[in-house]
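Visitor: Dumping the structure here so I can ask a few things about it.
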Amino acid sequence: MAPPTWLPPRAGLFGERAARLRHLAATHPMGAWLRAVAQLCDAQQHLDGTLGPVSGALSELPVVHAALVQTLSEGEGRALAQGLTLSLDALSERAQRLLAYTHADPDASGPQDRADLLLGASLQLLFTAVARGTPVNPVQSPVPGEQRCPCCGSVAHAGVVLTADGKAGLRYLECSLCATRWHAVRARCSLCDSPREVEYRGLEGAHPSVQAETCDACHGYVKTLFRDKDPHADPLADDLATLVLDVLVGEAGYGRAAPCLLLISGGPTQV
Ligand SMILES: [Zn+2]
Ligand SMILES: [Zn+2]
C-alpha cells in the first residue's frame, strides 16, 4: 500500500512537545529557556480542541490570542504573558508578518520579541485547528517539487524520518504553522528539489537523532529527525535544543531555510 501523502496534526501534539522540551531541558545548558517554551506549549495544549470550527481568517486570531494569554497568566507561564497588550492593529500587522515568514517570504522577519512569540503560538493553535477540520483530499496533495504544506501553504520547520505504522524509513516534512506532515522523498533536497545528493551533518557525539540536511545546489539546509535514534524526537523541540548545529552548519556556508515560530530571531536569551 502506498504511504499516506500527508498526515493531519496529531492529537496531543502540543503536550508531547512540552514534555519533550522538559526532557531536553534537564541536561541542556539553556534548560530554563526550553522550560519557558514548554509552558507556552502547555497553554497551546490546554486550548487545543476548544476552538470549535475555524476558517483561519485573521479576524479569528484576537480571540485565540486572548485565550492563550489568559491561560498563560493563570498558570506557571505567567511571566511570559506579563505586561503584554497589543492593539488590534498591532496584532494584525504582526500576524501578517509572521504568516509571510512561515510562507518563506524573504522580506518577512520571524519573531522579534515576546509578543511575537505568543502570537506565533496563537497562530499555530488557530491553523492546527483549521488543518484538523480540513478533509483529506488528494487534490490538495503537494505537487512533486513544491515543498509546501498541503493545508496552509507554509514551509516546514523540519523533517522527520518515521519508524512505525507502515511508514518506517519514510521522511515527512512538518509544517511550521499547522503541524500537518507531508511525504517528501529522501533522495532530493526538500528546498530546491535538486536530485543532487544531499549531505547529513550532525553534532559529533551529541543528539544523534538530529541531522542537518545540506544541499550544494541551493546552499540551504533543513534539519531532519531520525525517530529510529530517538522515538520521542519532535521537530520543534529538538530543533530548539540543537541551535549549536545551526551555528556549525552556518559556518560551513549553508543558510537556514526553515522558519520557527517559537524562536526569537536574536536568540533564545531574549525570551
Ligand atoms: Zn500547514
Ligand atoms: Zn537544495
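For the C-alpha cells, the naming scheme is as follows: chains receive sequential letters (A, B, ...) according to their order of presentation, residues are indexed from 1 within each chain, and ligands are indexed from 1 in presentation order.
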When you look at segment 105-120 of chain A with a cut-off of 10 Å (counting only C-alpha atoms), what residues show up, excluding the ones that are within fewer than 6 positions of it in the same chain? I need them as a VMD selection string.

Guide: chain A and resid 37 40 61 to 62 64 to 66 68 to 69 72 80 to 86 91 to 92 94 to 99 126 154 177 257 259 to 267 270 to 271

Visitor: Around ligand 1, out to 6 Å and counting only C-alpha atoms and all ligand atoms, which residues are there? I want them as number ranges by chain.

Guide: A: 149, 151-154, 175, 177-180

Visitor: List every residue of segment 53-255 of chain A that DSSP, applied to the backbone of this structure, assigns to helix (DSSP H, G or I), and report them as a ChimeraX atom specification.

Guide: /A:58-73,78-81,88-102,114-132,138-140,235-240,243-251

Visitor: Show me a table, sorted first by chain and then by increasing residue number, of the residues of chain A having an atom at most 7 Å from ligand 2, each with its shortest atom pair and the distance in Å to one decimal, counting only C-alpha atoms and all ligand atoms and written as JSON lines.

Guide:
```
{"residue": "A:Cys189", "atom": "CA", "partner": "ligand 2", "partner_atom_place_in_ligand_line": "1 (Zn)", "distance": 4.6}
{"residue": "A:Ser190", "atom": "CA", "partner": "ligand 2", "partner_atom_place_in_ligand_line": "1 (Zn)", "distance": 6.6}
{"residue": "A:Leu191", "atom": "CA", "partner": "ligand 2", "partner_atom_place_in_ligand_line": "1 (Zn)", "distance": 4.9}
{"residue": "A:Cys192", "atom": "CA", "partner": "ligand 2", "partner_atom_place_in_ligand_line": "1 (Zn)", "distance": 4.1}
{"residue": "A:Asp193", "atom": "CA", "partner": "ligand 2", "partner_atom_place_in_ligand_line": "1 (Zn)", "distance": 6.0}
{"residue": "A:Ser194", "atom": "CA", "partner": "ligand 2", "partner_atom_place_in_ligand_line": "1 (Zn)", "distance": 5.4}
{"residue": "A:Cys215", "atom": "CA", "partner": "ligand 2", "partner_atom_place_in_ligand_line": "1 (Zn)", "distance": 4.5}
{"residue": "A:Asp216", "atom": "CA", "partner": "ligand 2", "partner_atom_place_in_ligand_line": "1 (Zn)", "distance": 6.5}
{"residue": "A:Ala217", "atom": "CA", "partner": "ligand 2", "partner_atom_place_in_ligand_line": "1 (Zn)", "distance": 5.0}
{"residue": "A:Cys218", "atom": "CA", "partner": "ligand 2", "partner_atom_place_in_ligand_line": "1 (Zn)", "distance": 4.1}
{"residue": "A:His219", "atom": "CA", "partner": "ligand 2", "partner_atom_place_in_ligand_line": "1 (Zn)", "distance": 6.3}
{"residue": "A:Gly220", "atom": "CA", "partner": "ligand 2", "partner_atom_place_in_ligand_line": "1 (Zn)", "distance": 6.0}
```

Visitor: Would you list the contacts of Ala11 of chain A as a list in words, taking every protein, DNA or RNA residue within 10 Å and counting only C-alpha atoms, but skipping same-chain residues closer than 6 positions in sequence?

Guide: Gln45, Asp48, Gly49 and Arg132 of chain A

Visitor: What does the file look like for those residues with N, CA and C atoms, as a PDB file, in the first residue's frame?

Guide:
```pdb
ATOM      1  N   GLN A  45      -1.680  23.338  24.386  1.00  0.00           N
ATOM      2  CA  GLN A  45      -2.355  22.051  24.566  1.00  0.00           C
ATOM      3  C   GLN A  45      -3.666  22.227  25.336  1.00  0.00           C
ATOM      4  N   ASP A  48      -6.109  23.506  22.824  1.00  0.00           N
ATOM      5  CA  ASP A  48      -6.292  22.732  21.595  1.00  0.00           C
ATOM      6  C   ASP A  48      -7.579  21.912  21.709  1.00  0.00           C
ATOM      7  N   GLY A  49      -8.375  21.987  20.668  1.00  0.00           N
ATOM      8  CA  GLY A  49      -9.631  21.232  20.683  1.00  0.00           C
ATOM      9  C   GLY A  49     -10.787  22.021  21.273  1.00  0.00           C
ATOM     10  N   ARG A 132      -6.997  20.365  11.179  1.00  0.00           N
ATOM     11  CA  ARG A 132      -7.754  19.206  11.676  1.00  0.00           C
ATOM     12  C   ARG A 132      -9.141  19.147  11.044  1.00  0.00           C
TER      13      ARG A 132
END
```

Visitor: Got a sec: who's within 7 Å of Ala258 of chain A, counting only C-alpha atoms, leaving out chain neighbours fewer than 3 positions off, as number ranges by chain?

Guide: A: 156-158, 222

Visitor: In terms of the shortest atom-to-atom distance over only C-alpha atoms, which of A:Leu245, A:Ala252, A:Gly166, A:His232 is closest to Leu24 of chain A?

Guide: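 Closest candidate: A:His232.
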
Visitor: Between A:Leu162, A:Leu123, A:Arg181, A:Ala67, which one has atoms that come closest to Pro150 of chain A, using only C-alpha atoms?

Guide: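 With only C-alpha atoms as the atom set, the closest residue is A:Arg181.
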
Visitor: Find, counting only C-alpha atoms, the residue in A:Asp228, A:Glu16, A:Glu76, A:Glu213 that gets nearest to Ala187 of chain A.

Guide: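 The shortest atom-to-atom distance to Ala187 of chain A comes from A:Glu213.
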